[in-house]
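Enquirer: My questions will all concern the structure given below.
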Amino acid sequence: MEVVLERQDAVSTGARSKLYALLAHGFRYPTASLFEAVRGGQFLSEVKAAASQLPYPFTVEGTLGSRLSWDRQQFENQFIWLFDVGGPNPNTGEWEVPCFLCEGEYGGGRLKVMQDALRFYHHFGLSLSQEKGERDRPDHLSAELEFLHALTFKEAELWQQGKGEEALRPYRGAERDFLLFHLADFLPQVAAKVVHRNISFYSDLARLGEHFCQAELAYLQRGA
């Protein structure tokens, strides 16, 4: 679904939504289209375009895999090594455990974390997507980022329609709370494991996600 955004608040909120969507896509198992977008620089260009329209200053660091030298199989292998199975670090040779992409693996109790995430989703009438017969865990990083993409997308629509604070408050409040209780702790833990491994694209992506969510929480705490 595409919505034409013209009001300034709608445009800046749409940029926030776009960045959440790009991050969610980046942390999923790499498709052929993602590989081509990363290697060709389109992913980086879209991130920078969205960042330039945010309602606060934000700097995009790194190349996000632009001009990547890997082929598609190597790209997939790096994802599997980083997030699924672990193994020898290609840069140091040291054995590395995987950087799990589910929040419940980092503490708080798997069931409790998943149930809390689901409560947020269900409150806004959202459910997990199902692809090839497999359901996402509700605490998967991409699922959580997609939830914030959906909330900010709706917020952008409301700004464009000229709705007042009363209509916006539930969405902005939920965005702030979800960041505070989920991604504000979760994403820095993922980034701490990924960034130091210096893996093209994924190290930059993890750093981008951490900094963006920190900036988002600060922005929402100032005004939500």
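Chains: A, B, ... in order of the structure tokens. Residues: from 1 per chain. Ligands: from 1, in order shown.
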Name the residues in contact with range 154-168 of chain A at a cut-off of 8 Å, using only C-alpha atoms, excluding same-chain residues fewer than 6 positions from it; report them as an NGL selection string.

Expert: :A and (3 or 5-7 or 9-11 or 13-14)

Enquirer: Tell me, which residues of range 21-206 of chain A carry DSSP strand (DSSP E), written as a list in words?

Expert: Gly87, Pro88, Trp95, Glu96, Gln130, Glu131, Glu134 and Arg135 of chain A

Enquirer: Counting only C-alpha atoms, what is within 7 Å of range 173-186 of chain A, bar same-chain residues fewer than 5 positions away, as an mmCIF file with N, CA and C atoms, in the first residue's frame?

Expert:
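Wrote around37.cif, looks like this:
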data_model
loop_
_atom_site.group_PDB
_atom_site.id
_atom_site.type_symbol
_atom_site.label_atom_id
_atom_site.label_comp_id
_atom_site.auth_asym_id
_atom_site.auth_seq_id
_atom_site.Cartn_x
_atom_site.Cartn_y
_atom_site.Cartn_z
ATOM 1 N N GLU A 103 14.771 -11.952 20.730
ATOM 2 C CA GLU A 103 15.004 -11.211 21.965
ATOM 3 C C GLU A 103 15.049 -12.108 23.191
ATOM 4 N N LEU A 148 7.052 -1.771 14.441
ATOM 5 C CA LEU A 148 7.254 -0.329 14.505
ATOM 6 C C LEU A 148 7.086 0.321 13.140
ATOM 7 N N LEU A 151 3.293 0.734 12.896
ATOM 8 C CA LEU A 151 2.784 1.825 13.737
ATOM 9 C C LEU A 151 3.125 3.182 13.132
ATOM 10 N N CYS A 213 17.360 3.234 16.660
ATOM 11 C CA CYS A 213 16.387 2.992 17.731
ATOM 12 C C CYS A 213 16.670 3.851 18.956
ATOM 13 N N GLN A 214 17.944 4.129 19.236
ATOM 14 C CA GLN A 214 18.268 5.043 20.325
ATOM 15 C C GLN A 214 17.758 6.448 20.015
ATOM 16 N N LEU A 217 13.882 6.515 20.319
ATOM 17 C CA LEU A 217 13.399 6.547 21.698
ATOM 18 C C LEU A 217 13.574 7.937 22.294
ATOM 19 N N LEU A 220 10.882 10.242 20.784
ATOM 20 C CA LEU A 220 9.544 9.983 21.288
ATOM 21 C C LEU A 220 9.414 10.375 22.757
ATOM 22 N N GLN A 221 10.451 10.205 23.532
ATOM 23 C CA GLN A 221 10.393 10.591 24.943
ATOM 24 C C GLN A 221 10.299 12.097 25.087
ATOM 25 N N ALA A 224 6.288 12.367 22.842
ATOM 26 C CA ALA A 224 5.110 11.484 22.841
ATOM 27 C C ALA A 224 4.295 11.660 24.108
#

Enquirer: Using only C-alpha atoms, can you tell me which of A:Arg67, A:Arg172, A:Arg197, A:Arg110 comes closest to Trp81 in chain A?

Expert: A:Arg197

Enquirer: Quick one: distance from CA of Leu68 in chain A to CA of Asp139 in chain A in Å, one decimal?

Expert: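 If I compute the distance from CA of Leu68 in chain A to CA of Asp139 in chain A, I get 29.8 Å.
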
Enquirer: Can you tell me, as a list in words, what residues are no more than 9 Å from Val47 in chain A when counting only C-alpha atoms, ignoring any on the same chain fewer than 6 positions away?

Expert: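 Final neighbour list, sorted by chain and number: Lys18, Leu19, Leu22, Leu23 and Val60 of chain A.
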
Enquirer: Give me the residues near range 32-46 of chain A as a PyMOL selection string, where near means some atom within 9 Å (using only C-alpha atoms) and where sequence neighbours in that chain fewer than 5 positions away do not count.

Expert: chain A and resi 18-19+22+25-26+51+60+63-72+75-76+201

Enquirer: Please save N, CA and C atoms of the selected residues as a compact mmCIF listing (two decimals), in the first residue's frame.

Expert:
# COMPACT_ATOMS: atom_id res chain seq x y z
N LYS A 18 9.96 4.07 6.86
CA LYS A 18 10.79 3.46 5.81
C LYS A 18 12.06 2.86 6.40
N LEU A 19 12.68 3.54 7.34
CA LEU A 19 13.90 3.02 7.94
C LEU A 19 13.63 1.75 8.75
N LEU A 22 13.33 -1.03 6.16
CA LEU A 22 14.62 -1.42 5.59
C LEU A 22 15.42 -2.26 6.59
N HIS A 25 13.93 -5.75 6.78
CA HIS A 25 14.28 -6.53 5.59
C HIS A 25 15.73 -7.00 5.68
N GLY A 26 16.61 -6.12 6.15
CA GLY A 26 18.02 -6.45 6.22
C GLY A 26 18.34 -7.57 7.19
N ALA A 51 16.93 8.77 5.95
CA ALA A 51 17.59 9.45 7.07
C ALA A 51 17.60 10.96 6.88
N VAL A 60 24.24 8.40 8.85
CA VAL A 60 24.38 7.00 8.45
C VAL A 60 25.87 6.70 8.30
N THR A 63 29.19 1.72 4.71
CA THR A 63 28.75 1.58 3.31
C THR A 63 27.56 0.65 3.14
N LEU A 64 27.18 -0.05 4.22
CA LEU A 64 26.07 -1.00 4.15
C LEU A 64 26.21 -1.96 2.96
N GLY A 65 27.43 -2.43 2.77
CA GLY A 65 27.67 -3.46 1.75
C GLY A 65 27.74 -2.97 0.32
N SER A 66 27.70 -1.66 0.11
CA SER A 66 27.78 -1.13 -1.26
C SER A 66 29.09 -1.58 -1.91
N ARG A 67 29.01 -2.03 -3.14
CA ARG A 67 30.16 -2.56 -3.89
C ARG A 67 30.72 -3.82 -3.21
N LEU A 68 29.84 -4.60 -2.65
CA LEU A 68 30.20 -5.84 -1.98
C LEU A 68 30.93 -6.79 -2.93
N SER A 69 31.99 -7.42 -2.45
CA SER A 69 32.76 -8.33 -3.29
C SER A 69 32.25 -9.76 -3.24
N TRP A 70 31.36 -10.08 -2.29
CA TRP A 70 30.84 -11.44 -2.18
C TRP A 70 29.90 -11.78 -3.33
N ASP A 71 29.77 -13.08 -3.62
CA ASP A 71 28.67 -13.51 -4.46
C ASP A 71 27.48 -13.83 -3.56
N ARG A 72 26.36 -14.21 -4.15
CA ARG A 72 25.15 -14.40 -3.36
C ARG A 72 25.33 -15.53 -2.33
N PHE A 75 27.13 -14.32 0.62
CA PHE A 75 26.25 -13.43 1.39
C PHE A 75 25.34 -14.25 2.29
N GLU A 76 24.75 -15.31 1.75
CA GLU A 76 23.90 -16.19 2.54
C GLU A 76 24.71 -16.89 3.63
N PHE A 201 28.30 -5.22 5.45
CA PHE A 201 26.85 -5.06 5.49
C PHE A 201 26.29 -5.32 6.88

Enquirer: Can you list every residue in range 4-70 of chain A that DSSP puts in helix (DSSP H, G or I), as an NGL selection string?

Expert: :A and (8-26 or 32-39 or 42-51)

Enquirer: Only N, CA and C atoms, please: the residues just picked out, written as a CSV table (one decimal), in the first residue's frame.

Expert:
chain,number,residue,atom,x,y,z
A,8,GLN,N,4.6,18.1,6.2
A,8,GLN,CA,5.9,17.8,6.7
A,8,GLN,C,6.0,16.8,7.8
A,9,ASP,N,5.1,16.8,8.7
A,9,ASP,CA,5.1,15.8,9.8
A,9,ASP,C,4.8,14.4,9.2
A,10,ALA,N,4.0,14.3,8.2
A,10,ALA,CA,3.7,13.0,7.5
A,10,ALA,C,4.9,12.5,6.8
A,11,VAL,N,5.6,13.4,6.1
A,11,VAL,CA,6.9,13.0,5.4
A,11,VAL,C,7.9,12.5,6.4
A,12,SER,N,8.2,13.2,7.4
A,12,SER,CA,9.2,12.8,8.4
A,12,SER,C,8.8,11.5,9.1
A,13,THR,N,7.5,11.3,9.4
A,13,THR,CA,7.1,10.1,10.0
A,13,THR,C,7.2,8.9,9.0
A,14,GLY,N,6.9,9.2,7.7
A,14,GLY,CA,7.1,8.2,6.7
A,14,GLY,C,8.5,7.8,6.5
A,15,ALA,N,9.4,8.7,6.7
A,15,ALA,CA,10.9,8.4,6.7
A,15,ALA,C,11.2,7.5,7.8
A,16,ARG,N,10.7,7.7,9.0
A,16,ARG,CA,10.9,6.8,10.1
A,16,ARG,C,10.4,5.4,9.8
A,17,SER,N,9.2,5.3,9.2
A,17,SER,CA,8.6,4.1,8.9
A,17,SER,C,9.4,3.3,7.8
A,18,LYS,N,10.0,4.1,6.9
A,18,LYS,CA,10.8,3.5,5.8
A,18,LYS,C,12.1,2.9,6.4
A,19,LEU,N,12.7,3.5,7.3
A,19,LEU,CA,13.9,3.0,7.9
A,19,LEU,C,13.6,1.8,8.7
A,20,TYR,N,12.5,1.7,9.5
A,20,TYR,CA,12.2,0.5,10.2
A,20,TYR,C,12.0,-0.7,9.2
A,21,ALA,N,11.3,-0.4,8.1
A,21,ALA,CA,11.1,-1.4,7.1
A,21,ALA,C,12.4,-1.9,6.5
A,22,LEU,N,13.3,-1.0,6.2
A,22,LEU,CA,14.6,-1.4,5.6
A,22,LEU,C,15.4,-2.3,6.6
A,23,LEU,N,15.4,-1.9,7.8
A,23,LEU,CA,16.1,-2.6,8.9
A,23,LEU,C,15.5,-4.0,9.0
A,24,ALA,N,14.2,-4.1,9.0
A,24,ALA,CA,13.5,-5.4,9.2
A,24,ALA,C,13.9,-6.3,8.0
A,25,HIS,N,13.9,-5.7,6.8
A,25,HIS,CA,14.3,-6.5,5.6
A,25,HIS,C,15.7,-7.0,5.7
A,26,GLY,N,16.6,-6.1,6.1
A,26,GLY,CA,18.0,-6.4,6.2
A,26,GLY,C,18.3,-7.6,7.2
A,32,ALA,N,17.5,-12.9,-3.1
A,32,ALA,CA,18.2,-12.4,-4.2
A,32,ALA,C,18.1,-10.9,-4.4
A,33,SER,N,16.9,-10.4,-4.1
A,33,SER,CA,16.6,-9.0,-4.3
A,33,SER,C,17.4,-8.1,-3.3
A,34,LEU,N,17.5,-8.6,-2.0
A,34,LEU,CA,18.3,-7.9,-1.0
A,34,LEU,C,19.7,-7.9,-1.4
A,35,PHE,N,20.2,-9.1,-1.8
A,35,PHE,CA,21.6,-9.1,-2.2
A,35,PHE,C,22.0,-8.1,-3.3
A,36,GLU,N,21.1,-8.0,-4.3
A,36,GLU,CA,21.4,-7.1,-5.4
A,36,GLU,C,21.3,-5.7,-5.0
A,37,ALA,N,20.3,-5.4,-4.1
A,37,ALA,CA,20.1,-4.0,-3.6
A,37,ALA,C,21.3,-3.6,-2.7
A,38,VAL,N,21.9,-4.5,-2.0
A,38,VAL,CA,23.0,-4.2,-1.1
A,38,VAL,C,24.3,-4.0,-2.0
A,39,ARG,N,24.5,-5.0,-2.8
A,39,ARG,CA,25.8,-4.9,-3.6
A,39,ARG,C,25.7,-3.7,-4.6
A,42,GLN,N,21.8,0.3,-3.8
A,42,GLN,CA,20.4,0.8,-3.7
A,42,GLN,C,20.0,0.8,-2.2
A,43,PHE,N,20.4,-0.2,-1.4
A,43,PHE,CA,20.0,-0.3,0.0
A,43,PHE,C,20.6,0.9,0.7
A,44,LEU,N,21.8,1.2,0.5
A,44,LEU,CA,22.5,2.4,1.1
A,44,LEU,C,21.8,3.7,0.7
A,45,SER,N,21.4,3.8,-0.6
A,45,SER,CA,20.8,5.0,-1.1
A,45,SER,C,19.4,5.2,-0.4
A,46,GLU,N,18.7,4.1,-0.3
A,46,GLU,CA,17.3,4.2,0.3
A,46,GLU,C,17.5,4.6,1.8
A,47,VAL,N,18.4,4.0,2.5
A,47,VAL,CA,18.7,4.4,3.9
A,47,VAL,C,19.0,5.9,4.0
A,48,LYS,N,19.9,6.3,3.2
A,48,LYS,CA,20.3,7.7,3.3
A,48,LYS,C,19.2,8.7,2.9
A,49,ALA,N,18.4,8.3,2.0
A,49,ALA,CA,17.3,9.1,1.6
A,49,ALA,C,16.3,9.3,2.7
A,50,ALA,N,16.0,8.2,3.4
A,50,ALA,CA,15.0,8.2,4.5
A,50,ALA,C,15.7,9.0,5.7
A,51,ALA,N,16.9,8.8,5.9
A,51,ALA,CA,17.6,9.4,7.1
A,51,ALA,C,17.6,11.0,6.9
